[in-house]
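One file, my_file.cif, carrying mmCIF, C-alpha atoms:
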data_target
loop_
_atom_site.label_atom_id
_atom_site.label_comp_id
_atom_site.auth_asym_id
_atom_site.auth_seq_id
_atom_site.Cartn_x
_atom_site.Cartn_y
_atom_site.Cartn_z
CA MET A 91 29.42 55.17 27.81
CA ILE A 92 32.48 53.70 26.08
CA ARG A 93 33.63 52.07 29.33
CA ILE A 94 30.14 50.70 30.00
CA GLY A 95 30.03 49.26 26.49
CA LEU A 96 33.43 47.62 26.95
CA VAL A 97 32.29 46.04 30.22
CA LEU A 98 29.19 44.65 28.51
CA VAL A 99 31.31 43.16 25.71
CA LEU A 100 33.62 41.46 28.24
CA LEU A 101 30.64 40.12 30.20
CA ALA A 102 29.13 38.73 27.00
CA ALA A 103 32.41 37.04 26.10
CA SER A 104 32.61 35.54 29.59
CA ALA A 105 29.05 34.23 29.29
CA THR A 106 29.88 32.72 25.91
CA ALA A 107 32.80 30.84 27.49
CA GLY A 108 31.13 29.59 30.64
CA ALA A 109 27.33 29.49 30.42
CA GLN A 110 26.45 27.58 27.28
CA PRO A 111 23.54 25.12 27.34
CA ALA A 112 24.41 21.44 27.58
CA PRO A 113 23.46 18.96 24.85
CA ARG A 114 21.26 15.92 25.43
CA VAL A 115 23.03 12.54 25.54
CA THR A 116 20.79 10.27 23.46
CA ARG A 117 23.00 7.19 23.14
CA ASP A 118 25.70 5.40 25.13
CA VAL A 119 27.14 2.22 23.61
CA ASP A 120 29.91 0.34 25.43
CA LEU A 121 32.61 -0.76 22.95
CA THR A 122 35.00 -2.20 25.56
CA PRO A 123 36.17 -5.75 24.66
CA VAL A 124 34.92 -8.53 26.92
CA ASP A 125 37.08 -11.45 25.76
CA GLY A 126 40.30 -10.72 27.65
CA PHE A 127 41.61 -8.05 25.31
CA GLY A 128 42.25 -4.49 26.40
CA LEU A 129 42.20 -1.33 24.33
CA ASN A 130 45.02 0.84 23.08
CA GLY A 131 43.45 4.25 23.54
CA ASP A 132 46.44 6.17 22.18
CA ALA A 133 44.84 6.24 18.75
CA PRO A 134 45.35 8.70 15.89
CA PRO A 135 42.36 10.60 14.46
CA GLY A 136 40.11 9.08 11.82
CA ARG A 137 38.89 5.88 13.48
CA LEU A 138 35.21 6.95 13.65
CA ALA A 139 32.99 7.56 10.63
CA VAL A 140 29.25 7.64 9.97
CA ASP A 141 27.69 7.00 6.56
CA SER A 142 24.61 8.65 5.04
CA ALA A 143 22.35 5.87 6.35
CA GLY A 144 23.50 6.37 9.95
CA THR A 145 25.75 3.29 10.19
CA HIS A 146 28.73 3.94 12.48
CA TYR A 147 32.17 2.51 11.70
CA ILE A 148 34.79 2.33 14.45
CA VAL A 149 38.34 1.00 14.19
CA LEU A 150 39.42 -0.69 17.43
CA HIS A 151 43.03 -1.40 18.42
CA GLU A 152 42.99 -4.24 20.95
CA TYR A 153 45.74 -6.23 22.68
CA LYS A 154 46.47 -8.68 25.49
CA PRO A 155 49.30 -7.35 27.65
CA ALA A 156 52.28 -9.52 28.47
CA GLY A 157 53.28 -10.22 32.05
CA ASP A 158 56.25 -7.88 31.60
CA PRO A 159 55.13 -4.36 30.48
CA PHE A 160 58.38 -3.97 28.52
CA GLN A 161 57.79 -7.11 26.46
CA PRO A 162 55.60 -7.36 23.34
CA ALA A 163 51.93 -7.96 24.00
CA ALA A 164 50.75 -11.55 24.05
CA ALA A 165 48.36 -10.80 21.18
CA ALA A 166 47.09 -7.84 19.19
CA ARG A 167 44.34 -7.18 16.69
CA ILE A 168 42.78 -4.30 14.81
CA SER A 169 39.06 -4.65 14.15
CA LEU A 170 36.41 -2.75 12.24
CA VAL A 171 33.08 -2.59 14.08
CA ALA A 172 29.90 -1.42 12.35
CA LEU A 173 26.88 -0.31 14.38
CA ASN A 174 23.38 0.09 12.98
CA PRO A 175 21.62 3.43 13.58
CA ASP A 176 19.98 1.94 16.70
CA GLY A 177 23.41 1.08 18.17
CA ALA A 178 23.21 -2.68 17.55
CA VAL A 179 26.32 -4.38 16.18
CA LYS A 180 26.05 -4.99 12.45
CA PHE A 181 29.41 -6.75 12.14
CA LYS A 182 32.89 -6.91 13.62
CA THR A 183 35.72 -7.86 11.29
CA VAL A 184 39.27 -8.54 12.47
CA LEU A 185 41.65 -7.18 9.84
CA PRO A 186 44.66 -9.30 8.81
CA VAL A 187 47.23 -6.79 10.06
CA ARG A 188 50.74 -8.23 9.73
CA ARG A 189 53.11 -5.99 11.61
CA THR A 190 55.38 -6.52 14.59
CA ILE A 191 53.78 -6.18 18.02
CA GLY A 192 54.99 -3.91 20.82
CA PRO A 193 53.94 -3.75 24.50
CA ASN A 194 50.68 -1.94 23.64
CA GLY A 195 49.84 -3.78 20.46
CA PHE A 196 50.77 -2.68 16.96
CA ASP A 197 52.84 0.47 16.55
CA VAL A 198 50.26 2.45 14.58
CA ALA A 199 50.76 6.02 13.34
CA ALA A 200 47.68 6.14 11.08
CA MET A 201 44.46 4.20 11.48
CA GLY A 202 41.33 5.49 9.77
CA VAL A 203 38.07 4.42 8.18
CA ALA A 204 35.92 5.87 5.41
CA PRO A 205 32.57 4.57 4.12
CA ILE A 206 32.61 4.90 0.33
CA ARG A 207 29.58 5.94 -1.72
CA SER A 208 29.57 2.59 -3.53
CA GLY A 209 28.83 0.88 -0.20
CA ASP A 210 32.32 -0.51 0.36
CA ILE A 211 34.36 0.52 3.40
CA ALA A 212 38.03 1.55 3.29
CA VAL A 213 40.39 1.13 6.26
CA PHE A 214 43.91 2.55 6.01
CA ILE A 215 46.65 1.55 8.47
CA SER A 216 50.28 2.71 8.64
CA GLY A 217 52.76 2.10 11.45
CA GLY A 218 56.19 3.03 12.65
CA ASN A 219 57.61 -0.48 12.60
CA LEU A 220 58.43 -2.79 9.72
CA PRO A 221 55.88 -5.29 8.43
CA ALA A 222 56.23 -8.75 9.92
CA PRO A 223 56.35 -11.72 7.55
CA PRO A 224 54.50 -12.36 5.36
CA ALA A 225 55.08 -8.77 4.29
CA THR A 226 52.61 -7.07 1.95
CA GLY A 227 55.41 -5.70 -0.19
CA PRO A 228 59.10 -4.90 0.09
CA ASN A 229 58.53 -1.17 0.39
CA ALA A 230 55.04 -1.14 1.93
CA ALA A 231 54.51 1.90 4.14
CA ALA A 232 50.81 1.22 4.71
CA THR A 233 47.97 -1.16 3.97
CA LEU A 234 44.57 -0.35 2.48
CA PHE A 235 41.79 -2.79 3.33
CA ARG A 236 38.64 -2.82 1.21
CA LEU A 237 35.58 -4.35 2.84
CA ALA A 238 32.12 -5.16 1.48
CA PRO A 239 29.04 -3.53 3.04
CA GLY A 240 28.56 -6.64 5.17
CA GLY A 241 32.12 -6.53 6.53
CA GLN A 242 33.71 -9.22 4.34
CA LEU A 243 37.28 -8.43 3.32
CA LYS A 244 37.41 -7.91 -0.45
CA LYS A 245 41.00 -6.77 -0.95
CA GLU A 246 44.19 -5.98 0.91
CA ALA A 247 46.57 -3.66 -0.94
CA ALA A 248 50.07 -2.50 -0.02
CA VAL A 249 50.58 1.25 -0.28
CA GLY A 250 54.15 2.32 -0.88
CA PRO A 251 55.84 5.52 0.25
CA PRO A 252 55.25 8.75 -1.70
CA ARG A 253 58.95 8.94 -2.56
CA PRO A 254 61.70 6.33 -3.01
CA PRO A 255 62.84 4.89 0.34
CA SER A 256 66.20 5.88 1.76
CA ALA A 257 69.17 3.83 0.60
CA ASP A 258 70.67 4.10 4.10
CA PRO A 259 70.13 0.71 5.79
CA ASN A 260 70.17 2.44 9.19
CA ALA A 261 67.49 4.99 8.31
CA PRO A 262 64.35 4.65 10.46
CA PRO A 263 61.28 3.38 8.61
CA SER A 264 58.94 6.08 7.36
CA HIS A 265 55.18 5.91 7.54
CA TYR A 266 52.04 7.95 7.04
CA GLU A 267 50.59 10.00 9.88
CA LEU A 268 47.15 11.10 8.71
CA GLU A 269 44.40 13.38 9.97
CA ALA A 270 41.73 13.03 7.26
CA TYR A 271 40.17 10.08 5.42
CA LEU A 272 37.67 11.44 2.92
CA PRO A 273 35.57 9.47 0.42
CA THR A 274 35.38 11.16 -2.97
CA PRO A 275 32.37 11.35 -5.34
CA ASP A 276 34.09 8.91 -7.76
CA ASN A 277 34.41 6.14 -5.11
CA ALA A 278 38.03 6.76 -4.23
CA LEU A 279 39.78 7.82 -1.02
CA LEU A 280 41.43 11.16 -0.29
CA LEU A 281 44.04 11.04 2.49
CA ALA A 282 45.75 13.97 4.19
CA GLY A 283 48.32 14.48 6.92
CA GLY A 284 52.03 13.81 6.73
CA PHE A 285 54.71 11.29 5.84
CA GLY A 286 58.12 10.59 7.36
CA SER A 287 59.82 8.94 10.29
CA GLY A 288 58.83 11.64 12.80
CA PRO A 289 59.15 14.53 12.08
CA TYR A 290 56.86 14.47 9.08
CA GLY A 291 56.57 16.39 5.84
CA TRP A 292 53.05 17.41 4.79
CA TRP A 293 51.37 15.05 2.32
CA LEU A 294 48.02 14.33 0.71
CA GLY A 295 46.99 11.86 -1.94
CA LYS A 296 44.11 10.14 -3.67
CA LEU A 297 43.95 6.34 -3.83
CA SER A 298 41.61 3.97 -5.59
CA LEU A 299 40.04 1.31 -3.39
CA ASP A 300 42.53 -1.13 -4.93
CA GLY A 301 45.41 0.91 -3.52
CA VAL A 302 46.41 2.58 -6.79
CA ARG A 303 47.86 6.05 -6.26
CA LEU A 304 45.80 8.35 -8.51
CA TRP A 305 47.60 11.56 -7.54
CA GLN A 306 49.51 13.04 -4.64
CA ALA A 307 51.03 16.29 -3.38
CA GLY A 308 54.07 16.47 -1.14
CA PRO A 309 55.75 15.31 0.97
CA GLY A 310 57.13 18.56 2.28
CA ARG A 311 60.38 19.32 4.02
CA GLY A 312 59.54 17.45 7.20
CA PHE A 313 59.82 19.63 10.27
CA PRO A 314 56.69 18.51 11.65
CA GLU A 315 54.52 19.72 8.82
CA ARG A 316 50.95 18.56 8.25
CA VAL A 317 47.77 18.86 6.24
CA GLY A 318 45.31 19.88 8.94
CA ALA A 319 42.13 19.60 6.87
CA VAL A 320 41.00 18.83 3.33
CA ALA A 321 37.76 18.93 1.35
CA VAL A 322 36.49 18.31 -2.18
CA ARG A 323 34.42 21.13 -3.62
CA PRO A 324 31.30 20.45 -5.78
CA ASP A 325 33.30 21.21 -8.95
CA GLY A 326 35.74 18.38 -8.14
CA THR A 327 38.58 20.62 -6.97
CA THR A 328 40.36 20.00 -3.68
CA ILE A 329 41.19 22.54 -0.98
CA ALA A 330 43.77 21.71 1.70
CA LEU A 331 44.95 23.64 4.75
CA VAL A 332 48.66 22.98 5.09
CA GLN A 333 51.35 23.82 7.64
CA GLU A 334 54.76 24.20 6.02
CA MET A 335 58.15 25.19 7.36
CA ARG A 336 60.19 28.00 5.86
CA PRO A 337 63.59 27.04 4.43
CA GLY A 338 66.20 27.37 7.16
CA ASP A 339 63.60 28.38 9.78
CA VAL A 340 63.11 26.49 13.03
CA GLY A 341 60.31 28.74 14.29
CA PRO A 342 56.56 28.36 13.90
CA LEU A 343 55.28 26.87 10.68
CA ASP A 344 53.38 28.88 8.05
CA TRP A 345 49.78 28.15 7.13
CA TYR A 346 48.89 27.83 3.45
CA ILE A 347 45.68 27.31 1.52
CA HIS A 348 46.37 24.87 -1.34
CA HIS A 349 44.05 24.32 -4.29
CA TYR A 350 44.20 21.34 -6.66
CA ALA A 351 42.32 20.69 -9.87
CA ALA A 352 40.16 17.59 -10.23
CA ASP A 353 43.13 15.68 -11.68
CA GLY A 354 45.34 16.61 -8.72
CA SER A 355 47.42 19.24 -10.49
CA ALA A 356 48.34 22.21 -8.32
CA ALA A 357 46.20 25.28 -9.01
CA SER A 358 47.28 27.76 -6.32
CA ARG A 359 49.10 28.09 -3.00
CA MET A 360 48.53 31.06 -0.69
CA ARG A 361 50.46 31.77 2.50
CA LEU A 362 48.53 33.26 5.42
CA PRO A 363 50.06 36.07 7.50
CA GLU A 364 49.45 34.36 10.87
CA ARG A 365 51.65 31.45 11.92
CA TYR A 366 50.56 30.26 15.36
CA GLY A 367 47.70 27.82 15.36
CA TYR A 368 46.80 24.15 15.25
CA ALA A 369 43.06 23.49 14.87
CA VAL A 370 41.53 24.00 11.42
CA THR A 371 38.63 22.77 9.33
CA VAL A 372 37.22 23.35 5.85
CA LEU A 373 33.62 24.54 5.62
CA ARG A 374 31.38 24.53 2.54
CA ASN A 375 31.95 28.29 2.30
CA GLY A 376 35.56 28.78 3.34
CA SER A 377 37.80 27.63 6.17
CA LEU A 378 38.15 28.13 9.91
CA PHE A 379 41.40 28.55 11.83
CA VAL A 380 42.04 28.83 15.56
CA PHE A 381 45.05 31.12 15.83
CA VAL A 382 46.91 31.77 19.09
CA ASP A 383 48.72 35.01 19.94
CA ASP A 384 51.45 34.12 22.46
CA ALA A 385 52.40 37.64 23.51
CA PRO A 386 52.03 39.02 26.08
CA LYS A 387 49.39 36.47 27.15
CA PRO A 388 48.04 33.56 25.07
CA ARG A 389 44.80 34.52 23.38
CA ALA A 390 42.91 32.45 20.84
CA SER A 391 40.99 33.81 17.87
CA LEU A 392 38.59 32.04 15.53
CA VAL A 393 39.19 33.29 11.99
CA HIS A 394 36.86 32.52 9.08
CA LEU A 395 38.52 32.85 5.65
CA ASP A 396 37.09 32.42 2.19
CA ASP A 397 38.74 30.08 -0.30
CA VAL A 398 41.18 32.74 -1.49
CA GLY A 399 42.32 33.74 2.01
CA HIS A 400 40.23 36.86 2.63
CA VAL A 401 39.01 37.32 6.20
CA VAL A 402 35.24 36.88 6.47
CA SER A 403 35.08 37.26 10.25
CA ARG A 404 37.27 37.16 13.35
CA ALA A 405 36.16 36.53 16.91
CA ALA A 406 37.67 35.78 20.30
CA TRP A 407 37.72 32.03 21.02
CA PRO A 408 37.40 31.26 24.75
CA PHE A 409 39.30 27.97 24.83
CA ALA A 410 43.04 27.71 25.37
CA TRP A 411 43.30 24.40 23.53
CA THR A 412 41.32 23.20 20.53
CA ARG A 413 42.41 19.68 19.66
CA ARG A 414 40.11 18.79 16.80
CA MET A 415 37.53 20.50 14.58
CA ILE A 416 35.07 19.03 12.08
CA PRO A 417 32.72 20.90 9.73
CA ASP A 418 29.04 21.12 10.61
CA GLY A 419 27.16 22.92 7.84
CA ASP A 420 28.06 26.58 8.20
CA GLY A 421 29.59 25.91 11.61
CA PHE A 422 31.71 23.30 13.32
CA VAL A 423 32.08 20.86 16.21
CA ALA A 424 35.30 20.76 18.24
CA ILE A 425 37.11 19.07 21.12
CA VAL A 426 38.35 21.83 23.44
CA ALA A 427 39.85 22.51 26.85
CA GLN A 428 40.01 25.62 29.02
CA ARG A 429 43.71 25.07 29.80
CA TYR A 430 46.64 23.95 27.69
CA ASP A 431 47.84 20.96 29.70
CA ALA A 432 47.38 17.20 29.61
CA ASP A 433 45.17 17.06 32.71
CA ALA A 434 42.76 19.81 31.68
CA PRO A 435 39.12 18.69 31.36
CA GLN A 436 37.96 18.35 27.76
CA PHE A 437 34.59 19.23 26.26
CA VAL A 438 32.71 18.85 22.99
CA VAL A 439 31.33 22.14 21.66
CA ARG A 440 29.10 23.03 18.72
CA ALA A 441 29.47 26.56 17.33
CA ASP A 442 28.86 28.67 14.26
CA ALA A 443 31.57 30.18 12.06
CA LYS A 444 31.56 33.39 14.11
CA GLY A 445 32.37 31.53 17.32
CA VAL A 446 28.89 31.68 18.86
CA ILE A 447 28.66 28.46 20.90
CA ARG A 448 25.36 26.58 20.63
CA TRP A 449 26.20 24.06 23.36
CA LYS A 450 29.05 22.64 25.43
CA SER A 451 29.08 19.11 26.83
CA ALA A 452 30.01 18.07 30.31
CA ALA A 453 33.71 17.30 30.86
CA VAL A 454 34.55 14.09 29.03
CA GLU A 455 37.66 12.21 27.83
CA VAL A 456 36.64 12.40 24.18
CA SER A 457 39.09 11.14 21.56
CA GLU A 458 37.10 11.33 18.31
CA ILE A 459 34.02 13.08 16.90
CA ALA A 460 31.86 12.71 13.79
CA LEU A 461 28.49 13.92 12.51
CA ALA A 462 25.49 11.65 12.13
CA PRO A 463 22.98 12.29 9.32
CA ASP A 464 20.28 13.31 11.84
CA GLY A 465 22.47 16.20 13.01
CA GLN A 466 23.62 14.58 16.23
CA VAL A 467 27.30 14.45 17.17
CA ALA A 468 28.90 11.03 17.67
CA ALA A 469 31.86 10.89 20.05
CA LEU A 470 34.26 8.17 21.17
CA VAL A 471 34.90 8.53 24.89
CA TRP A 472 38.02 6.78 26.13
CA SER A 473 38.80 6.38 29.84
CA ALA A 474 42.48 5.60 30.39
CA THR A 475 41.94 4.88 34.08
CA GLN A 476 39.11 2.42 33.48
CA GLY A 477 40.25 1.10 30.09
CA THR A 478 36.77 1.61 28.63
CA LEU A 479 35.54 3.00 25.31
CA HIS A 480 32.00 4.30 24.77
CA LEU A 481 30.16 5.75 21.81
CA LEU A 482 28.06 8.73 22.87
CA HIS A 483 25.54 10.74 20.87
CA TYR A 484 24.96 14.41 21.59
CA ALA A 485 21.77 16.12 20.43
CA ASP A 486 20.90 19.81 20.55
CA PRO A 487 19.23 20.89 23.81
#

Written as structure tokens, how would this file's structure read?
Amino acid sequence: MIRIGLVLVLLAASATAGAQPAPRVTRDVDLTPVDGFGLNGDAPPGRLAVDSAGTHYIVLHEYKPAGDPFQPAAAARISLVALNPDGAVKFKTVLPVRRTIGPNGFDVAAMGVAPIRSGDIAVFISGGNLPAPPATGPNAAATLFRLAPGGQLKKEAAVGPPRPPSADPNAPPSHYELEAYLPTPDNALLLAGGFGSGPYGWWLGKLSLDGVRLWQAGPGRGFPERVGAVAVRPDGTTIALVQEMRPGDVGPLDWYIHHYAADGSAASRMRLPERYGYAVTVLRNGSLFVFVDDAPKPRASLVHLDDVGHVVSRAAWPFAWTRRMIPDGDGFVAIVAQRYDADAPQFVVRADAKGVIRWKSAAVEVSEIALAPDGQVAALVWSATQGTLHLLHYADP
């Protein structure tokens, strides 16, 4: 009976991995430029957001290639496109980005958008190269653009580094590399990820829409550390999931749960016992981690922890690679692949906190996901071979 039960468990796990229902595709909007510009699809996370009214905001990085692929592009621009809930274009605003141009446009390490509760829209951009004249400030590491609900630019603010810049004239320029752009209840912007010249130390901070630094934590030691996810709790406190390196250690990074009071002061910092893992997200009732056990054969586990690090549940996770996770009520949506290699087909999956998969999309080159207020999943689908970008909507079967 024990062997029969084990076989049934393995069959159930196999069915969970390979026989999920497919979602309905309810929208397909082509965002590919038609005026001679191409798209830089090598974009960092954060360039898709949806507000409470269903308006979609997408940051596009466009450029006209030069005749020589090793020469700077003939032109480059970064635009914010807003789509109404029906998919019609509400506005497209070209941002006054003033940075040097490389072969594929601007050298951008962070490029994200957040609709603010006041109705304004914040776009944050940071790159690996120095600002081109006219510079926005002698030590500007990033630029925060504040736009009105109709897309008009209201303010452009330089954002300096979180620590004094190096006095070494030969030191490479440092910049922000971010993974989360979160509007706060008091109409500010919470940013999380890392800062450095590559590698990065973990960093998070809160900015006003005028670019004033209200508080920050980090940067860390800079191995390649990161803040993988962040959330503001109803009481105004902040929880962040942070990868940090151990002093003198070149092995895997440690995971920590950080807590900050409403004013940004550190409240607690808890190290988790498991080190291997990349994908994380913060739920309204705890956090989710995808941990990977490398020995003797890579196996992934989905672990649900409460806010003080206690294990709520643990389940096998059938995907070798989980690239991105976003919260979805008591569950999550993720970009996954069955194999850990660059050519492996990718999928969008919706699951609960125990790893039960509600649906899995067809194979798709998805680069970004977000939730719409009607419960559908918005996804940016980038085709490198065709140079096209589409906005898809997935609905439950």

Please expand the PyMOL selection byres ((chain A and resi 237) around 9) into the concrete residues it hits in this file, giving the result as an mmCIF file with C-alpha atoms, in the frame of the given file.
data_model
loop_
_atom_site.group_PDB
_atom_site.id
_atom_site.type_symbol
_atom_site.label_atom_id
_atom_site.label_comp_id
_atom_site.auth_asym_id
_atom_site.auth_seq_id
_atom_site.Cartn_x
_atom_site.Cartn_y
_atom_site.Cartn_z
ATOM 1 C CA ASP A 210 32.320 -0.510 0.360
ATOM 2 C CA ILE A 211 34.360 0.520 3.400
ATOM 3 C CA ALA A 212 38.030 1.550 3.290
ATOM 4 C CA VAL A 213 40.390 1.130 6.260
ATOM 5 C CA PHE A 235 41.790 -2.790 3.330
ATOM 6 C CA ARG A 236 38.640 -2.820 1.210
ATOM 7 C CA ALA A 238 32.120 -5.160 1.480
ATOM 8 C CA PRO A 239 29.040 -3.530 3.040
ATOM 9 C CA GLY A 240 28.560 -6.640 5.170
ATOM 10 C CA GLY A 241 32.120 -6.530 6.530
ATOM 11 C CA GLN A 242 33.710 -9.220 4.340
ATOM 12 C CA LEU A 243 37.280 -8.430 3.320
ATOM 13 C CA LYS A 244 37.410 -7.910 -0.450
ATOM 14 C CA LYS A 245 41.000 -6.770 -0.950
ATOM 15 C CA GLU A 246 44.190 -5.980 0.910
#

Determine the residue set returned by the PyMOL selection byres ((chain A and resi 197) around 12) for the present structure, and present it as a PyMOL selection string.
chain A and resi 130+132-134+151-153+162-163+166-168+187-196+198-201+215-222+263+265+267

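Among the candidates A:Ala248, A:Ala356, A:Ala469, A:Ala462, the one nearest to Asp118 in chain A when counting all atoms listed in the file is A:Ala469.
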
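Taking only C-alpha atoms into account, the polymer residues that have an atom no farther than 10 Å from (34.1, 16.9, 26.3) are Ala424, Ile425, Val426, Ala427, Pro435, Gln436, Phe437, Val438, Val439, Lys450, Ser451, Ala452, Ala453, Val454, Glu455, Val456, Ser457, Ala469 and Val471 of chain A.
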
Dump of C-alpha atoms for the selected residues, as a compact mmCIF listing (two decimals), keeping the file's coordinate frame:
# COMPACT_ATOMS: atom_id res chain seq x y z
CA ALA A 424 35.30 20.76 18.24
CA ILE A 425 37.11 19.07 21.12
CA VAL A 426 38.35 21.83 23.44
CA ALA A 427 39.85 22.51 26.85
CA PRO A 435 39.12 18.69 31.36
CA GLN A 436 37.96 18.35 27.76
CA PHE A 437 34.59 19.23 26.26
CA VAL A 438 32.71 18.85 22.99
CA VAL A 439 31.33 22.14 21.66
CA LYS A 450 29.05 22.64 25.43
CA SER A 451 29.08 19.11 26.83
CA ALA A 452 30.01 18.07 30.31
CA ALA A 453 33.71 17.30 30.86
CA VAL A 454 34.55 14.09 29.03
CA GLU A 455 37.66 12.21 27.83
CA VAL A 456 36.64 12.40 24.18
CA SER A 457 39.09 11.14 21.56
CA ALA A 469 31.86 10.89 20.05
CA VAL A 471 34.90 8.53 24.89

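Between CA of Gly177 in chain A and CA of Ile206 in chain A the interatomic distance comes to 20.4 Å.
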
Name every residue that the PyMOL selection byres ((chain A and resi 348) around 9) selects in this structure, writing the answer as a PyMOL selection string with chains first and numbers rising.
chain A and resi 328-332+346-347+349-350+356-361

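Between CA of Asp141 in chain A and CA of Asp120 in chain A lies a distance of 20.1 Å.
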
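Across A:Pro205, A:Pro111, A:Gly376, A:Pro262, the tightest approach to Pro275 in chain A is made by A:Pro205 when counting only C-alpha atoms.
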
Mind giving me the straight-line distance from CA of Gln428 in chain A to CA of Pro408 in chain A in Å, one decimal?
7.5 Å

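Between Gln466 in chain A and the candidates A:Pro113, A:Ala139, A:Asp158, A:Ala352, the tightest atom-to-atom separation, counting all atoms listed in the file, involves A:Pro113.
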
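Taking only C-alpha atoms into account, Gly295 in chain A lies nearest to A:Val249 out of the set A:Ala143, A:Ala261, A:Val249, A:Val423.
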
The residue from A:Pro417, A:Asp176, A:Gly341, A:Gly445 with the smallest atom-to-atom distance to Leu392 in chain A, counting all atoms listed in the file, is A:Gly445

Spatial neighbours of Asp339 in chain A, 12 Å, only C-alpha atoms, chain gap at least 5 places, as a VMD selection string
chain A and resid 311 to 313 334 344

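Distance annotation: of A:Thr478, A:Pro487, A:Val370, A:Gly283, the residue with the minimal separation from Leu150 in chain A is A:Thr478; atom set is only C-alpha atoms.
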
Which protein, DNA or RNA residues have an atom at most 9 Å from (24.9, 13.1, 14.1), counting all atoms listed in the file? List them as a ChimeraX atom specification.
/A:140,144,460-468,483-485

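Residues in contact with Asp420 in chain A at 7 Å, where only C-alpha atoms are counted and same-chain residues fewer than 6 positions away are skipped, are listed as A:Leu373, A:Arg374, A:Asp442, A:Ala443.
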
Spatial neighbours of Gln333 in chain A, max dist 8 Å, all atoms listed in the file, sep filter under 5 positions, as a list in words:
Trp292, Glu315, Arg316, Val317, Gly318, Leu343, Asp344, Trp345 and Tyr346 of chain A

Serialized range 465-476 of chain A w/ N, CA and C atoms as a PDB file, in the first residue's frame:
ATOM      1  N   GLY A 465      -8.844  40.839 -12.755  1.00  0.00           N
ATOM      2  CA  GLY A 465      -8.293  39.525 -12.455  1.00  0.00           C
ATOM      3  C   GLY A 465      -7.541  38.890 -13.596  1.00  0.00           C
ATOM      4  N   GLN A 466      -7.548  39.503 -14.776  1.00  0.00           N
ATOM      5  CA  GLN A 466      -6.786  38.952 -15.882  1.00  0.00           C
ATOM      6  C   GLN A 466      -5.301  39.293 -15.717  1.00  0.00           C
ATOM      7  N   VAL A 467      -4.469  38.538 -16.417  1.00  0.00           N
ATOM      8  CA  VAL A 467      -3.021  38.722 -16.362  1.00  0.00           C
ATOM      9  C   VAL A 467      -2.575  39.397 -17.657  1.00  0.00           C
ATOM     10  N   ALA A 468      -1.928  40.549 -17.525  1.00  0.00           N
ATOM     11  CA  ALA A 468      -1.359  41.245 -18.680  1.00  0.00           C
ATOM     12  C   ALA A 468       0.082  40.797 -18.846  1.00  0.00           C
ATOM     13  N   ALA A 469       0.493  40.589 -20.098  1.00  0.00           N
ATOM     14  CA  ALA A 469       1.845  40.105 -20.377  1.00  0.00           C
ATOM     15  C   ALA A 469       2.401  40.812 -21.601  1.00  0.00           C
ATOM     16  N   LEU A 470       3.665  41.221 -21.518  1.00  0.00           N
ATOM     17  CA  LEU A 470       4.370  41.748 -22.681  1.00  0.00           C
ATOM     18  C   LEU A 470       5.109  40.589 -23.338  1.00  0.00           C
ATOM     19  N   VAL A 471       4.826  40.375 -24.611  1.00  0.00           N
ATOM     20  CA  VAL A 471       5.412  39.268 -25.360  1.00  0.00           C
ATOM     21  C   VAL A 471       6.341  39.848 -26.404  1.00  0.00           C
ATOM     22  N   TRP A 472       7.623  39.561 -26.244  1.00  0.00           N
ATOM     23  CA  TRP A 472       8.667  40.109 -27.114  1.00  0.00           C
ATOM     24  C   TRP A 472       9.229  38.997 -27.977  1.00  0.00           C
ATOM     25  N   SER A 473       9.256  39.203 -29.295  1.00  0.00           N
ATOM     26  CA  SER A 473       9.851  38.249 -30.218  1.00  0.00           C
ATOM     27  C   SER A 473      11.148  38.833 -30.747  1.00  0.00           C
ATOM     28  N   ALA A 474      12.283  38.263 -30.340  1.00  0.00           N
ATOM     29  CA  ALA A 474      13.576  38.766 -30.790  1.00  0.00           C
ATOM     30  C   ALA A 474      13.780  38.511 -32.280  1.00  0.00           C
ATOM     31  N   THR A 475      13.252  37.404 -32.784  1.00  0.00           N
ATOM     32  CA  THR A 475      13.447  37.083 -34.196  1.00  0.00           C
ATOM     33  C   THR A 475      12.631  38.001 -35.102  1.00  0.00           C
ATOM     34  N   GLN A 476      11.442  38.392 -34.658  1.00  0.00           N
ATOM     35  CA  GLN A 476      10.583  39.235 -35.470  1.00  0.00           C
ATOM     36  C   GLN A 476      10.665  40.713 -35.093  1.00  0.00           C
TER      37      GLN A 476
END
